[in-house]
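A.B. asks: Below: one structure in C-alpha cells.
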Amino acid sequence: MKLAKQAIDIGLFTNQLDPMLEFWQNTAGVPFSELLPLGGGLRQHRHAIGLSVFKLNHARDPLVAAAPSGIRVLTVANSKIISNTSLVDPDGNRVRLVPAGASTPPLTIHLTVSDLESHRRFYGEALGLPEIENGTFAAGESRLALTEGAATRDPVQQSTGYRYMTLQIFDVVAAHTHVLNSGGREGSAPRRLGDVAYISFVRDPDGNWIELSQRKSIVGSLD
C-alpha cells in the first residue's frame, strides 16, 4: 500500500473540550491547525505533529464508557523540552514528550496487542508498512510500535480516549479490498464524503480501528 502522506494520523474522542485543548495545545505543545464539523454532534479539532494530524474529536453528546483501545501511549517530539516528560491528559490518555532531534520521529503510536506475530503480519503485509525493528513499523516519518500485552479485543470506535489511526492513501477501494484479502477485518466499507475524500475503516486482529483516507487535498483528485 503506497502512502499519499508520509505520516500516520491519530484520532481521539472526548467530552471535555476546553480542558483537553488547554492540555494538548499549551502543556503538550501541539499546535492547532483547523476545525472540521463532522456531523452528528462531532467537531474535529485538528492539530499538527510534524506531518501527522492529531484529531481531537469533541462529542456534544455523552460518550459511552468503554475499555481503552490498543493505542495506549503517544510519544511526541517537542522542540521546547530538554528531557523526557511523561504526562496524562484530562481524560487519562498517556503521552510522552521527548526532545526533538534529527533522528527522532515526530510521532510514535504505542499499540498493545494480544499476539505480536499476528499483528506484525497484519501491519507488514496487509498494510504494507516496513518493519524497521522487531515490532516497530515506519509510516513515513511516524512510527507504530507494537507491544504484546493485555489488549482490548474489539474496542469501541467512539468512546473516550485514543480510538483510531488514519493512513492517507491514493486508492481507498483498492486498498480496502487488499487489506480484507490479506487477513484484515471489515470496519466500514468505502464511502465518499462529498468532494472532500473517500474513506473506509479496517480492523487489525484485535479489532483496533484504522481509517483509510483518500483525501482530495492530498491526492489531487477523487476520480
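Order determines the names: the first chain of the C-alpha cells is A, the second B, and so forth; residues in each chain are numbered 1 upward, and ligands are numbered 1 upward as they are shown.
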May I have the residues within 12 Å of Phe170 (chain A) as a list of chain:residue names, using only C-alpha atoms and disregarding those fewer than 5 positions away in the same chain?

C.D. replies: A:Met1, A:Lys2, A:Leu3, A:Ala4, A:Lys5, A:Ala175, A:His176, A:Ala197, A:Tyr198, A:Ile199, A:Leu212, A:Ser213, A:Gln214, A:Arg215, A:Lys216, A:Ser217, A:Ile218, A:Val219, A:Gly220, A:Ser221, A:Leu222, A:Asp223

A.B. asks: Give the strand (DSSP E) residues of region 8-200 of chain A, as assigned by DSSP on the backbone, as an MDAnalysis selection string.

C.D. replies: chainID A and resid 8:14 32:39 42:49 52:59 71:78 85:88 94:99 107:113 131:133 136:139 142:148 161:169 185:193 197:200

A.B. asks: Please provide as a PDB file with C-alpha atoms, in the first residue's frame all residues within 8 Å of Pro155 (chain A), with the sequence filter that same-chain residues fewer than 6 positions apart are discarded (counting only C-alpha atoms).

C.D. replies:
ATOM      1  CA  ALA A  66     -15.729   1.527  27.247  1.00  0.00           C
ATOM      2  CA  ALA A  67     -12.400  -0.212  27.653  1.00  0.00           C
ATOM      3  CA  PRO A  68      -9.434   1.527  26.024  1.00  0.00           C
ATOM      4  CA  SER A  69      -8.315   0.664  22.525  1.00  0.00           C
ATOM      5  CA  GLY A  70      -4.911  -0.870  21.921  1.00  0.00           C
ATOM      6  CA  GLY A 207     -10.190  -5.113  16.271  1.00  0.00           C
ATOM      7  CA  ASN A 208      -8.352  -1.788  16.505  1.00  0.00           C
TER       8      ASN A 208
END

A.B. asks: For region 18-113 of chain A against region 131-139 of chain A, with a cut-off of 12 Å and counting only C-alpha atoms, what is the closest atom pair and its distance in Å to one decimal for every residue that makes the cut, ordered by chain and number, as JSON lines?

C.D. replies:
{"residue": "A:Leu51", "atom": "CA", "partner": "A:Ala139", "partner_atom": "CA", "distance": 10.8}
{"residue": "A:Ser52", "atom": "CA", "partner": "A:Ala139", "partner_atom": "CA", "distance": 10.0}
{"residue": "A:Pro105", "atom": "CA", "partner": "A:Ala138", "partner_atom": "CA", "distance": 9.4}
{"residue": "A:Pro106", "atom": "CA", "partner": "A:Ala139", "partner_atom": "CA", "distance": 11.4}
{"residue": "A:Leu107", "atom": "CA", "partner": "A:Ala139", "partner_atom": "CA", "distance": 10.0}
{"residue": "A:Thr108", "atom": "CA", "partner": "A:Ala138", "partner_atom": "CA", "distance": 9.3}
{"residue": "A:Ile109", "atom": "CA", "partner": "A:Thr136", "partner_atom": "CA", "distance": 9.7}
{"residue": "A:His110", "atom": "CA", "partner": "A:Thr136", "partner_atom": "CA", "distance": 9.1}
{"residue": "A:Leu111", "atom": "CA", "partner": "A:Thr136", "partner_atom": "CA", "distance": 9.9}
{"residue": "A:Thr112", "atom": "CA", "partner": "A:Gly135", "partner_atom": "CA", "distance": 10.7}
{"residue": "A:Val113", "atom": "CA", "partner": "A:Gly135", "partner_atom": "CA", "distance": 10.5}

A.B. asks: Could you give me, as a ChimeraX atom specification, the residues within 10 Å of Thr177 (chain A), counting only C-alpha atoms and dropping anything in the same chain fewer than 2 positions from it?

C.D. replies: /A:126,172-175,179-182,184,186,189-190,202

A.B. asks: Residues of region 138-213 of chain A that have any atom at most 12 Å from an atom of region 96-103 of chain A: could you tabulate them with the shortest-distance atom pair and the distance in Å to one decimal, using only C-alpha atoms, ordered by chain and increasing number, as a tab-separated table?

C.D. replies:
residue	atom	partner	partner_atom	distance
A:Glu141	CA	A:Ser103	CA	9.8
A:Ser142	CA	A:Ser103	CA	11.3
A:Arg143	CA	A:Ser103	CA	11.9
